[in-house]
$ cat work_6.csv   # CSV, C-alpha atoms
chain,number,residue,atom,x,y,z
S,1,MET,CA,8.9,-24.0,-19.6
S,2,SER,CA,9.4,-24.0,-15.9
S,3,VAL,CA,11.4,-25.2,-13.0
S,4,GLN,CA,9.5,-28.0,-11.2
S,5,THR,CA,9.7,-28.0,-7.4
S,6,ILE,CA,8.3,-31.1,-5.6
S,7,LEU,CA,8.0,-30.9,-1.8
S,8,LEU,CA,7.8,-33.8,0.6
S,9,ASP,CA,7.4,-33.5,4.3
S,10,PHE,CA,7.6,-36.2,7.0
S,11,SER,CA,7.3,-36.5,10.7
S,12,ILE,CA,9.5,-38.8,12.7
S,13,ASP,CA,10.2,-39.4,16.4
S,14,PRO,CA,12.8,-36.7,17.2
S,15,GLN,CA,14.9,-39.1,19.1
S,16,ARG,CA,15.7,-40.9,15.8
S,17,LEU,CA,17.5,-37.8,14.6
S,18,GLY,CA,19.3,-37.0,17.8
S,19,ASP,CA,22.7,-38.7,17.2
S,20,ASP,CA,25.0,-39.3,14.2
S,21,ALA,CA,24.4,-43.0,13.9
S,22,SER,CA,20.6,-42.5,13.8
S,23,ARG,CA,20.9,-39.7,11.3
S,24,LYS,CA,23.0,-41.9,9.0
S,25,GLU,CA,20.5,-44.7,9.1
S,26,VAL,CA,17.6,-42.3,8.2
S,27,ARG,CA,19.6,-40.8,5.5
S,28,LYS,CA,20.5,-44.2,4.0
S,29,ARG,CA,16.8,-45.1,3.8
S,30,ILE,CA,16.0,-41.9,2.1
S,31,GLU,CA,18.8,-42.4,-0.4
S,32,GLU,CA,17.4,-45.9,-1.2
S,33,ALA,CA,13.9,-44.6,-1.7
S,34,LEU,CA,15.0,-41.8,-4.0
S,35,GLU,CA,17.2,-44.1,-6.0
S,36,CYS,CA,14.2,-46.2,-6.9
S,37,TYR,CA,12.5,-43.3,-8.6
S,38,ILE,CA,15.3,-40.9,-9.5
S,39,PRO,CA,18.2,-43.1,-10.8
S,40,ASN,CA,21.8,-42.1,-10.8
S,41,LEU,CA,21.6,-39.6,-7.9
S,42,ARG,CA,25.0,-38.9,-6.4
S,43,PHE,CA,25.7,-37.4,-3.0
S,44,VAL,CA,27.1,-33.8,-3.3
S,45,HIS,CA,27.7,-32.5,0.2
S,46,ASP,CA,26.2,-32.1,3.7
S,47,LEU,CA,26.5,-29.9,6.7
S,48,LEU,CA,25.3,-29.7,10.3
S,49,PRO,CA,23.4,-26.5,11.1
S,50,GLU,CA,22.4,-26.0,14.7
S,51,ASP,CA,18.9,-27.2,14.2
S,52,GLY,CA,19.7,-30.5,12.5
S,53,TYR,CA,21.2,-31.9,9.3
S,54,PHE,CA,21.3,-30.9,5.6
S,55,CYS,CA,22.5,-32.7,2.5
S,56,THR,CA,22.2,-32.4,-1.3
S,57,TYR,CA,22.1,-34.8,-4.3
S,58,MET,CA,22.2,-34.4,-8.0
S,59,ASP,CA,21.9,-36.5,-11.2
S,60,LYS,CA,23.5,-35.9,-14.6
S,61,ALA,CA,20.3,-34.4,-16.0
S,62,GLY,CA,20.5,-31.6,-13.4
S,63,THR,CA,17.9,-32.8,-11.0
S,64,VAL,CA,18.7,-31.5,-7.5
S,65,VAL,CA,17.5,-33.1,-4.3
S,66,THR,CA,17.9,-31.4,-0.9
S,67,VAL,CA,17.2,-33.3,2.4
S,68,ARG,CA,16.8,-31.5,5.7
S,69,PHE,CA,16.4,-32.9,9.2
S,70,PHE,CA,15.0,-30.7,12.0
S,71,HIS,CA,16.0,-32.8,15.0
S,72,VAL,CA,14.0,-31.0,17.7
S,73,GLN,CA,10.8,-30.9,15.8
S,74,GLY,CA,11.1,-34.3,14.3
S,75,LEU,CA,10.6,-33.0,10.8
S,76,ILE,CA,12.2,-34.2,7.5
S,77,THR,CA,11.9,-32.2,4.3
S,78,VAL,CA,12.8,-33.6,0.9
S,79,ASN,CA,12.8,-31.1,-2.0
S,80,VAL,CA,13.2,-32.2,-5.6
S,81,GLU,CA,13.9,-29.6,-8.3
S,82,TYR,CA,14.5,-29.8,-12.1
S,83,TYR,CA,13.9,-27.8,-15.3
S,84,LYS,CA,11.1,-29.0,-17.6
S,85,GLU,CA,10.3,-28.0,-21.2
S,86,ASN,CA,6.5,-27.7,-22.0
S,87,SER,CA,6.6,-30.8,-24.2
S,88,GLU,CA,8.9,-32.9,-21.9
S,89,GLN,CA,7.5,-35.6,-19.6
S,90,PRO,CA,8.1,-34.9,-15.9
S,91,ARG,CA,11.2,-36.5,-14.6
S,92,VAL,CA,9.5,-37.2,-11.3
S,93,SER,CA,5.8,-38.0,-12.0
S,94,LEU,CA,3.0,-37.8,-9.5
S,95,GLU,CA,3.1,-41.6,-9.3
S,96,SER,CA,6.9,-41.5,-8.5
S,97,THR,CA,6.3,-38.8,-5.9
S,98,ARG,CA,3.7,-40.9,-4.2
S,99,GLY,CA,6.0,-43.9,-4.4
S,100,ILE,CA,8.8,-42.0,-2.6
S,101,GLU,CA,6.4,-40.9,0.0
S,102,ASN,CA,4.9,-44.3,0.6
S,103,THR,CA,8.3,-46.1,0.6
S,104,LEU,CA,9.7,-43.8,3.2
S,105,ILE,CA,6.7,-44.1,5.4
S,106,LYS,CA,7.0,-47.9,5.4
S,107,THR,CA,10.8,-48.3,5.6
S,108,LEU,CA,11.2,-45.6,8.3
S,109,ASN,CA,8.0,-46.2,10.1
S,110,LEU,CA,7.2,-42.5,9.9
S,111,ILE,CA,4.5,-40.8,11.9
S,112,HIS,CA,3.3,-38.8,9.0
S,113,GLY,CA,4.1,-38.1,5.3
S,114,HIS,CA,2.8,-35.7,2.8
S,115,SER,CA,3.8,-34.7,-0.7
S,116,LEU,CA,2.8,-31.8,-3.0
S,117,LEU,CA,2.3,-31.7,-6.8
S,118,PRO,CA,5.1,-29.8,-8.5
S,119,ILE,CA,5.2,-26.1,-8.0
S,120,LYS,CA,5.9,-24.6,-11.4
S,121,ARG,CA,8.4,-21.7,-11.2
S,122,SER,CA,8.7,-19.5,-14.2
S,123,PRO,CA,8.4,-15.8,-15.3
S,124,LEU,CA,4.7,-16.6,-15.9
S,125,SER,CA,3.4,-17.0,-12.4
S,126,LYS,CA,0.5,-19.3,-11.8
S,127,TYR,CA,0.2,-18.7,-8.1
S,128,PHE,CA,-1.5,-16.0,-6.1
S,129,PRO,CA,-2.3,-15.7,-2.4
S,130,THR,CA,-5.8,-15.8,-0.8
S,131,SER,CA,-6.8,-13.1,1.6
S,132,ASP,CA,-5.3,-15.1,4.5
S,133,GLU,CA,-2.1,-15.7,2.6
S,134,ARG,CA,-2.6,-19.3,1.4
S,135,LEU,CA,-1.3,-20.1,-2.0
S,136,ILE,CA,-3.6,-21.0,-4.9
S,137,GLU,CA,-2.5,-22.3,-8.3
S,138,TYR,CA,-4.4,-20.9,-11.3
S,139,ASP,CA,-4.8,-22.4,-14.8
S,140,ILE,CA,-2.9,-19.4,-16.4
S,141,ASP,CA,-1.6,-20.2,-19.8
S,142,LYS,CA,-0.3,-16.9,-21.1
S,143,MET,CA,0.7,-13.3,-20.2
S,144,VAL,CA,-1.6,-10.9,-22.1
S,145,PHE,CA,-0.2,-7.5,-20.9
S,146,GLU,CA,2.7,-6.5,-18.6
S,147,LYS,CA,4.0,-3.0,-17.8
S,148,ARG,CA,5.0,-1.0,-14.8
S,149,SER,CA,3.2,2.3,-14.1
S,150,PRO,CA,4.5,5.0,-11.7
S,151,PHE,CA,2.4,3.4,-9.1
S,152,GLN,CA,2.4,-0.4,-9.5
S,153,LYS,CA,3.2,-3.4,-11.7
S,154,VAL,CA,0.2,-4.0,-14.0
S,155,GLN,CA,-0.4,-7.4,-15.6
S,156,ILE,CA,-3.3,-9.1,-17.4
S,157,VAL,CA,-3.0,-12.9,-17.6
S,158,HIS,CA,-5.3,-15.4,-19.2
S,159,SER,CA,-7.0,-18.2,-17.3
S,160,LYS,CA,-8.7,-21.0,-19.2
S,161,VAL,CA,-11.7,-20.9,-16.8
S,162,LEU,CA,-11.8,-17.3,-15.6
S,163,GLY,CA,-10.8,-15.4,-18.8
S,164,ASN,CA,-8.5,-12.5,-18.7
S,165,MET,CA,-7.5,-11.5,-15.1
S,166,LEU,CA,-6.1,-8.2,-13.8
S,167,VAL,CA,-3.1,-8.6,-11.5
S,168,LEU,CA,-1.6,-5.6,-9.6
S,169,ASP,CA,1.7,-5.9,-7.9
S,170,GLU,CA,1.5,-9.7,-8.1
S,171,LEU,CA,-1.9,-9.8,-6.4
S,172,GLN,CA,-5.0,-11.1,-8.2
S,173,ASN,CA,-7.5,-8.3,-8.7
S,174,LEU,CA,-10.4,-9.0,-11.0
S,175,ALA,CA,-11.3,-11.5,-13.7
S,176,GLU,CA,-13.8,-11.5,-16.5
S,177,ALA,CA,-15.7,-14.2,-14.6
S,178,ASP,CA,-16.2,-12.0,-11.5
S,179,LEU,CA,-19.4,-10.2,-12.2
S,180,ILE,CA,-20.7,-11.3,-8.8
S,181,TYR,CA,-18.0,-9.2,-7.2
S,182,THR,CA,-19.2,-6.0,-8.8
S,183,GLU,CA,-22.9,-6.8,-8.3
S,184,THR,CA,-22.3,-7.5,-4.6
S,185,LEU,CA,-20.3,-4.3,-4.2
S,186,MET,CA,-23.1,-2.2,-5.7
S,187,MET,CA,-25.8,-4.4,-4.1
S,188,ARG,CA,-27.6,-4.7,-7.4
S,189,GLY,CA,-31.4,-5.2,-6.9
S,190,VAL,CA,-31.2,-3.7,-3.4
S,191,GLU,CA,-29.9,-0.2,-3.9
S,192,GLN,CA,-31.6,2.1,-6.3
S,193,TYR,CA,-29.2,4.2,-8.5
S,194,GLU,CA,-31.6,5.8,-10.9
S,195,GLY,CA,-31.3,9.5,-10.8
S,196,LYS,CA,-28.5,9.4,-8.2
S,197,GLU,CA,-25.1,11.2,-8.1
S,198,ILE,CA,-22.3,8.8,-7.5
S,199,VAL,CA,-18.5,9.0,-7.1
S,200,ILE,CA,-16.2,6.0,-7.4
S,201,LEU,CA,-12.8,6.1,-5.7
S,202,GLY,CA,-10.5,4.0,-7.7
S,203,GLY,CA,-12.2,1.4,-9.9
S,204,GLY,CA,-9.6,1.4,-12.6
S,205,ASP,CA,-10.8,-1.8,-14.2
S,206,GLY,CA,-14.0,0.0,-15.2
S,207,ALA,CA,-16.3,-2.8,-14.1
S,208,LEU,CA,-18.2,-0.9,-11.4
S,209,LEU,CA,-18.7,2.2,-13.6
S,210,TYR,CA,-19.9,0.0,-16.5
S,211,GLU,CA,-22.5,-1.8,-14.3
S,212,LEU,CA,-23.6,1.4,-12.6
S,213,LEU,CA,-24.4,3.1,-15.9
S,214,LYS,CA,-26.9,0.3,-16.6
S,215,GLU,CA,-28.9,1.6,-13.6
S,216,ASN,CA,-29.6,5.1,-15.2
S,217,PRO,CA,-27.9,7.3,-12.6
S,218,LYS,CA,-27.9,11.0,-12.9
S,219,PHE,CA,-24.1,11.2,-13.0
S,220,VAL,CA,-21.1,9.0,-12.1
S,221,THR,CA,-17.7,10.5,-11.5
S,222,MET,CA,-14.8,8.0,-11.4
S,223,LEU,CA,-11.5,9.0,-9.8
S,224,GLU,CA,-8.6,6.7,-10.8
S,225,ILE,CA,-4.9,7.6,-10.3
S,226,ASP,CA,-3.4,4.9,-12.6
S,227,ASP,CA,-4.0,5.5,-16.3
S,228,LEU,CA,-2.1,2.4,-17.3
S,229,VAL,CA,-4.6,0.1,-15.5
S,230,MET,CA,-7.4,1.7,-17.5
S,231,GLN,CA,-5.5,1.4,-20.8
S,232,ALA,CA,-4.8,-2.3,-20.1
S,233,CYS,CA,-8.4,-3.1,-19.1
S,234,ASN,CA,-9.8,-1.1,-22.0
S,235,GLU,CA,-7.7,-3.2,-24.4
S,236,HIS,CA,-7.9,-6.6,-22.9
S,237,MET,CA,-11.0,-6.8,-20.6
S,238,LYS,CA,-13.8,-5.1,-22.5
S,239,SER,CA,-16.2,-7.8,-21.4
S,240,ILE,CA,-16.3,-6.2,-18.0
S,241,CYS,CA,-15.9,-2.5,-18.8
S,242,GLY,CA,-17.5,-2.1,-22.3
S,243,ASP,CA,-16.3,1.1,-23.9
S,244,VAL,CA,-16.3,3.4,-20.8
S,245,LEU,CA,-12.5,3.4,-20.4
S,246,GLU,CA,-12.1,4.2,-24.0
S,247,ARG,CA,-14.5,7.1,-24.1
S,248,ARG,CA,-13.6,8.4,-20.6
S,249,ASN,CA,-16.8,10.5,-20.5
S,250,GLY,CA,-20.4,10.5,-21.7
S,251,PRO,CA,-23.8,12.2,-21.0
S,252,ASN,CA,-23.9,10.9,-17.4
S,253,TYR,CA,-20.3,10.0,-16.5
S,254,GLU,CA,-16.8,11.2,-16.4
S,255,ILE,CA,-13.4,9.6,-15.6
S,256,ILE,CA,-10.9,11.9,-13.9
S,257,VAL,CA,-7.3,10.6,-13.8
S,258,GLY,CA,-5.7,11.8,-10.6
S,259,ASP,CA,-5.5,11.4,-6.8
S,260,CYS,CA,-9.0,10.8,-5.4
S,261,MET,CA,-8.1,12.5,-2.1
S,262,VAL,CA,-7.4,15.7,-3.9
S,263,ALA,CA,-10.7,15.5,-5.7
S,264,LEU,CA,-12.6,14.7,-2.5
S,265,GLN,CA,-11.1,17.7,-0.7
S,266,LYS,CA,-12.1,20.0,-3.6
S,267,TYR,CA,-15.6,18.6,-3.5
S,268,PHE,CA,-15.9,19.3,0.2
S,269,LYS,CA,-14.5,22.8,-0.2
S,270,ASP,CA,-17.0,23.4,-3.0
S,271,GLY,CA,-19.9,22.0,-1.0
S,272,ARG,CA,-20.6,19.2,-3.5
S,273,LYS,CA,-22.6,16.2,-2.2
S,274,PHE,CA,-23.2,12.7,-3.5
S,275,ASP,CA,-25.8,10.0,-3.0
S,276,TYR,CA,-23.2,7.2,-3.1
S,277,VAL,CA,-19.5,7.1,-2.6
S,278,PHE,CA,-17.8,3.8,-3.6
S,279,GLY,CA,-14.5,2.9,-2.1
S,280,ASP,CA,-13.0,0.7,-4.7
S,281,LEU,CA,-9.4,1.1,-3.5
S,282,THR,CA,-7.3,-1.0,-1.2
S,283,ASP,CA,-8.4,-4.2,0.7
S,284,VAL,CA,-8.4,-4.1,4.4
S,285,PRO,CA,-4.9,-5.1,5.3
S,286,LEU,CA,-3.8,-8.0,7.5
S,287,SER,CA,-1.9,-6.7,10.5
S,288,PRO,CA,-1.8,-7.3,14.3
S,289,THR,CA,-3.1,-3.8,14.9
S,290,PRO,CA,-4.9,-1.1,12.8
S,291,THR,CA,-1.7,0.9,12.3
S,292,GLY,CA,0.6,1.7,9.4
S,293,GLU,CA,0.3,3.5,6.1
S,294,LEU,CA,-2.6,1.5,4.6
S,295,TRP,CA,-4.7,1.8,7.7
S,296,ASP,CA,-4.0,5.6,7.8
S,297,PHE,CA,-5.1,5.8,4.1
S,298,ILE,CA,-8.3,3.9,4.9
S,299,ARG,CA,-9.1,6.3,7.7
S,300,THR,CA,-8.3,9.3,5.6
S,301,PHE,CA,-10.6,8.3,2.7
S,302,LEU,CA,-13.4,7.2,5.0
S,303,GLU,CA,-13.5,10.6,6.7
S,304,ALA,CA,-13.2,12.4,3.4
S,305,SER,CA,-16.0,10.3,1.9
S,306,PHE,CA,-18.5,11.0,4.6
S,307,LYS,CA,-17.9,14.8,4.2
S,308,VAL,CA,-19.2,14.6,0.7
S,309,LEU,CA,-22.2,12.3,1.3
S,310,ARG,CA,-25.7,13.6,1.5
S,311,PRO,CA,-27.5,12.9,4.9
S,312,ASP,CA,-29.3,9.9,3.3
S,313,GLY,CA,-26.3,8.8,1.3
S,314,LYS,CA,-24.2,5.6,1.5
S,315,PHE,CA,-20.6,4.6,1.4
S,316,MET,CA,-20.1,1.2,-0.4
S,317,THR,CA,-16.9,-0.7,-0.2
S,318,HIS,CA,-15.2,-4.1,-0.3
S,319,ALA,CA,-13.1,-5.3,2.7
S,320,ASN,CA,-11.4,-8.7,2.8
S,321,GLY,CA,-12.1,-12.5,2.8
S,322,SER,CA,-14.2,-14.3,5.4
S,323,ASN,CA,-11.0,-16.1,6.5
S,324,CYS,CA,-9.7,-12.9,8.0
S,325,PRO,CA,-12.2,-12.1,10.8
S,326,GLU,CA,-9.7,-10.1,12.8
S,327,ALA,CA,-9.0,-7.7,9.9
S,328,LEU,CA,-12.8,-7.3,9.4
S,329,ARG,CA,-13.3,-6.7,13.2
S,330,MET,CA,-10.6,-4.0,13.2
S,331,TYR,CA,-12.2,-2.4,10.1
S,332,GLU,CA,-15.6,-2.3,11.9
S,333,ASN,CA,-14.0,-0.8,14.9
S,334,GLU,CA,-12.7,2.0,12.7
S,335,LEU,CA,-16.2,2.5,11.3
S,336,LYS,CA,-17.5,2.8,14.9
S,337,LYS,CA,-15.0,5.6,15.6
S,338,LEU,CA,-16.3,7.9,12.8
S,339,ASP,CA,-17.8,11.2,13.8
S,340,PRO,CA,-20.6,11.8,13.1
S,341,PRO,CA,-21.6,8.2,13.9
S,342,VAL,CA,-22.4,5.7,11.2
S,343,LYS,CA,-24.2,2.4,10.9
S,344,PHE,CA,-23.4,-0.4,8.5
S,345,THR,CA,-24.6,-3.6,7.0
S,346,THR,CA,-22.5,-6.3,5.3
S,347,SER,CA,-22.9,-8.7,2.4
S,348,LYS,CA,-20.8,-11.6,1.1
S,349,ALA,CA,-20.1,-13.3,-2.2
S,350,PHE,CA,-18.0,-16.2,-3.4
S,351,VAL,CA,-15.8,-14.6,-6.1
S,352,PRO,CA,-14.6,-17.0,-8.7
S,353,SER,CA,-11.1,-15.7,-9.3
S,354,PHE,CA,-10.6,-15.1,-5.5
S,355,MET,CA,-11.6,-18.7,-4.9
S,356,GLU,CA,-13.0,-17.6,-1.6
S,357,GLU,CA,-15.8,-15.7,0.0
S,358,TRP,CA,-15.4,-11.9,0.0
S,359,ASN,CA,-17.0,-9.3,2.4
S,360,PHE,CA,-18.6,-6.0,1.4
S,361,TYR,CA,-19.9,-3.1,3.6
S,362,GLN,CA,-22.7,-0.6,3.1
S,363,VAL,CA,-22.2,2.3,5.5
S,364,SER,CA,-24.6,5.2,6.2
S,365,PHE,CA,-25.1,8.0,8.8
S,366,ALA,CA,-26.7,6.7,12.0

$ encode --input "work_6.csv" --output "structure tokens"
Amino acid sequence: MSVQTILLDFSIDPQRLGDDASRKEVRKRIEEALECYIPNLRFVHDLLPEDGYFCTYMDKAGTVVTVRFFHVQGLITVNVEYYKENSEQPRVSLESTRGIENTLIKTLNLIHGHSLLPIKRSPLSKYFPTSDERLIEYDIDKMVFEKRSPFQKVQIVHSKVLGNMLVLDELQNLAEADLIYTETLMMRGVEQYEGKEIVILGGGDGALLYELLKENPKFVTMLEIDDLVMQACNEHMKSICGDVLERRNGPNYEIIVGDCMVALQKYFKDGRKFDYVFGDLTDVPLSPTPTGELWDFIRTFLEASFKVLRPDGKFMTHANGSNCPEALRMYENELKKLDPPVKFTTSKAFVPSFMEEWNFYQVSFA
């Protein structure tokens, strides 16, 4: 069950929207096209905002159509919205949508026309943004888990192709199909973890810990603040975390629930050092400048991480998508400001549930 929203956009010579008579003619053609595919529409009301014209239509079944003219830009938008049960046939099919689009292009001699498949709006969201804030529709068919922790909204949804997928604060996080993400983060086959001491900052889904333990490290400490994330993944995403989130400790690992910054400060005070520190926390944010709370947090845990790294140790982290070069550039500039100086290499991987190429950093002392 969902509300179906169909969007149609058209470009027209702005002069054809500049006076009342012209607007009426364009509106009449739109009404005729809509009536062919959505019968029994009736005009409801209209108004004249400063930037153009707006009107609405409705049929007896509850289908609502809004038409908007932006006279300066020469843009016409047509939005169709109605409620659909799962078993019900769409009131406005893809064929009808294309019919409306093509009819208007021909009868109004439009410069350009474009229509989108229905956006399905319901409590079970199927849409998540890419790193550069484009919208992707996923094949999600059910909600597996949903609760709010003291820190964030935690959901696990099921995708027919990707398996169960962790979603935090409405942002896609990690799916069962995303082993490539974890393997690229840890640079499997390149870095040697046998006999090494490792600390993970974050990593609440358990995937990184689970894969690192296969490499026979001396000891791995995972610092995760949100216990609810671990509970949810332990119950519903065992294919990526095994039993590490259930046991919470073993001969060569321990999970500590708490603020990773508090733990890092204590490690520094105690003189404890690690061969690897993994930053599995926030993505590099999109912003005009490297300022704000998230950037401050990134700088803080970067500085703290290098204080507990051995001289030949490495800081391993994820950053953002390849479609965000400015964010990556700003992050690299922050790395260059670290004292003592560091050097870094990068790697990339196409992550299935992200549906885009993701960037990872391996940072060591210069």

$ closest_residue --input "work_6.csv" --among "S:Leu135, S:Val351, S:Val244, S:Leu7" --to "S:Leu185" --atoms "all atoms listed in the file"
S:Val351

$ closest_residue --input "work_6.csv" --among "S:Gln89, S:Ser131, S:Gln172, S:Asn164" --to "S:Asn323" --atoms "all atoms listed in the file"
S:Ser131

$ closest_residue --input "work_6.csv" --among "S:Gly321, S:Gly206, S:Gly258, S:Pro311" --to "S:Phe151" --atoms "only C-alpha atoms"
S:Gly258

$ closest_residue --input "work_6.csv" --among "S:Met330, S:Ile255, S:Ile298, S:Val363" --to "S:Asp312" --atoms "only C-alpha atoms"
S:Val363

$ atom_distance --input "work_6.csv" --atom1 "atom CA of S:Asn86" --atom2 "atom CA of S:Ala61"
16.5 Å

$ closest_atom_pairs --input "work_6.csv" --of "stretch 255-310 of chain S" --to "stretch 333-342 of chain S" --cutoff "10 Å" --atoms "all atoms listed in the file" --output "JSON lines"
{"residue": "S:Pro290", "atom": "CA", "partner": "S:Glu334", "partner_atom": "CA", "distance": 8.4}
{"residue": "S:Trp295", "atom": "CA", "partner": "S:Glu334", "partner_atom": "CA", "distance": 9.4}
{"residue": "S:Ile298", "atom": "CA", "partner": "S:Glu334", "partner_atom": "CA", "distance": 9.2}
{"residue": "S:Arg299", "atom": "CA", "partner": "S:Glu334", "partner_atom": "CA", "distance": 7.5}
{"residue": "S:Leu302", "atom": "CA", "partner": "S:Leu335", "partner_atom": "CA", "distance": 8.3}
{"residue": "S:Glu303", "atom": "CA", "partner": "S:Leu338", "partner_atom": "CA", "distance": 7.2}
{"residue": "S:Phe306", "atom": "CA", "partner": "S:Pro340", "partner_atom": "CA", "distance": 8.8}
{"residue": "S:Lys307", "atom": "CA", "partner": "S:Pro340", "partner_atom": "CA", "distance": 9.8}

$ closest_residue --input "work_6.csv" --among "S:Ser322, S:Ser125, S:Thr77, S:Thr282" --to "S:Ser159" --atoms "only C-alpha atoms"
S:Ser125

$ atom_distance --input "work_6.csv" --atom1 "atom CA of S:Leu110" --atom2 "atom CA of S:Phe10"
6.9 Å

$ closest_atom_pairs --input "work_6.csv" --of "stretch 261-297 of chain S" --to "stretch 210-221 of chain S" --cutoff "10 Å" --atoms "only C-alpha atoms" --output "tab-separated table"
residue	atom	partner	partner_atom	distance
S:Phe274	CA	S:Val220	CA	9.6
S:Tyr276	CA	S:Val220	CA	9.4
S:Val277	CA	S:Thr221	CA	9.7

$ closest_residue --input "work_6.csv" --among "S:Tyr181, S:Phe145, S:Phe315, S:Phe350" --to "S:Leu166" --atoms "all atoms listed in the file"
S:Phe145

$ atom_distance --input "work_6.csv" --atom1 "atom CA of S:Leu124" --atom2 "atom CA of S:Ile240"
23.5 Å

$ residues_around --input "work_6.csv" --residues "S:Gly204" --least-positions-apart "5" --cutoff "7 Å" --atoms "only C-alpha atoms" --output "list in words"
Glu224, Val229 and Met230 of chain S

$ write_last_selection --input "work_6.csv" --atoms "C-alpha atoms" --output "PDB file, in the frame of the given file"
ATOM      1  CA  GLU S 224      -8.600   6.700 -10.800  1.00  0.00           C
ATOM      2  CA  VAL S 229      -4.600   0.100 -15.500  1.00  0.00           C
ATOM      3  CA  MET S 230      -7.400   1.700 -17.500  1.00  0.00           C
TER       4      MET S 230
END

$ residues_near_point --input "work_6.csv" --point "(-4.2, -3.2, -20.0)" --cutoff "10 Å" --atoms "only C-alpha atoms" --output "PyMOL selection string"
chain S and resi 144-147+154-156+166+205+227-237

$ residues_around --input "work_6.csv" --residues "stretch 50-60 of chain S" --least-positions-apart "3" --cutoff "9 Å" --atoms "all atoms listed in the file" --output "PyMOL selection string"
chain S and resi 17-18+23+38-47+63-72

$ residues_near_point --input "work_6.csv" --point "(5.8, -34.9, -2.7)" --cutoff "6 Å" --atoms "only C-alpha atoms" --output "MDAnalysis selection string"
chainID S and resid 6:8 97 115:116

$ decode --input "work_6.csv" --residues "stretch 178-182 of chain S" --atoms "all heavy atoms" --output "PDB file, in the first residue's frame"
ATOM      1  N   ASP S 178      27.346  -6.774   0.707  1.00  0.00           N
ATOM      2  CA  ASP S 178      28.418  -5.770   0.635  1.00  0.00           C
ATOM      3  C   ASP S 178      29.762  -6.225   1.177  1.00  0.00           C
ATOM      4  O   ASP S 178      30.519  -5.426   1.747  1.00  0.00           O
ATOM      5  CB  ASP S 178      27.984  -4.500   1.382  1.00  0.00           C
ATOM      6  CG  ASP S 178      26.867  -3.760   0.684  1.00  0.00           C
ATOM      7  OD1 ASP S 178      26.670  -3.987  -0.519  1.00  0.00           O
ATOM      8  OD2 ASP S 178      26.192  -2.951   1.351  1.00  0.00           O
ATOM      9  N   LEU S 179      30.116  -7.481   1.005  1.00  0.00           N
ATOM     10  CA  LEU S 179      31.413  -7.951   1.487  1.00  0.00           C
ATOM     11  C   LEU S 179      32.555  -7.138   0.887  1.00  0.00           C
ATOM     12  O   LEU S 179      33.571  -6.883   1.554  1.00  0.00           O
ATOM     13  CB  LEU S 179      31.595  -9.441   1.160  1.00  0.00           C
ATOM     14  CG  LEU S 179      32.934 -10.064   1.579  1.00  0.00           C
ATOM     15  CD1 LEU S 179      33.142  -9.957   3.081  1.00  0.00           C
ATOM     16  CD2 LEU S 179      33.018 -11.511   1.108  1.00  0.00           C
ATOM     17  N   ILE S 180      32.414  -6.689  -0.355  1.00  0.00           N
ATOM     18  CA  ILE S 180      33.464  -5.914  -1.017  1.00  0.00           C
ATOM     19  C   ILE S 180      33.781  -4.644  -0.233  1.00  0.00           C
ATOM     20  O   ILE S 180      34.932  -4.182  -0.214  1.00  0.00           O
ATOM     21  CB  ILE S 180      33.059  -5.586  -2.476  1.00  0.00           C
ATOM     22  CG1 ILE S 180      34.213  -4.920  -3.226  1.00  0.00           C
ATOM     23  CG2 ILE S 180      31.820  -4.692  -2.506  1.00  0.00           C
ATOM     24  CD1 ILE S 180      35.412  -5.800  -3.426  1.00  0.00           C
ATOM     25  N   TYR S 181      32.782  -4.068   0.404  1.00  0.00           N
ATOM     26  CA  TYR S 181      33.012  -2.863   1.217  1.00  0.00           C
ATOM     27  C   TYR S 181      34.000  -3.176   2.343  1.00  0.00           C
ATOM     28  O   TYR S 181      35.002  -2.477   2.530  1.00  0.00           O
ATOM     29  CB  TYR S 181      31.685  -2.364   1.795  1.00  0.00           C
ATOM     30  CG  TYR S 181      31.829  -1.204   2.760  1.00  0.00           C
ATOM     31  CD1 TYR S 181      31.719   0.108   2.317  1.00  0.00           C
ATOM     32  CD2 TYR S 181      32.075  -1.429   4.112  1.00  0.00           C
ATOM     33  CE1 TYR S 181      31.855   1.167   3.194  1.00  0.00           C
ATOM     34  CE2 TYR S 181      32.215  -0.375   5.000  1.00  0.00           C
ATOM     35  CZ  TYR S 181      32.104   0.927   4.543  1.00  0.00           C
ATOM     36  OH  TYR S 181      32.254   1.974   5.420  1.00  0.00           O
ATOM     37  N   THR S 182      33.725  -4.230   3.098  1.00  0.00           N
ATOM     38  CA  THR S 182      34.573  -4.578   4.238  1.00  0.00           C
ATOM     39  C   THR S 182      35.955  -5.010   3.776  1.00  0.00           C
ATOM     40  O   THR S 182      36.974  -4.635   4.376  1.00  0.00           O
ATOM     41  CB  THR S 182      33.905  -5.696   5.058  1.00  0.00           C
ATOM     42  OG1 THR S 182      32.585  -5.279   5.429  1.00  0.00           O
ATOM     43  CG2 THR S 182      34.698  -5.997   6.315  1.00  0.00           C
TER      44      THR S 182
END
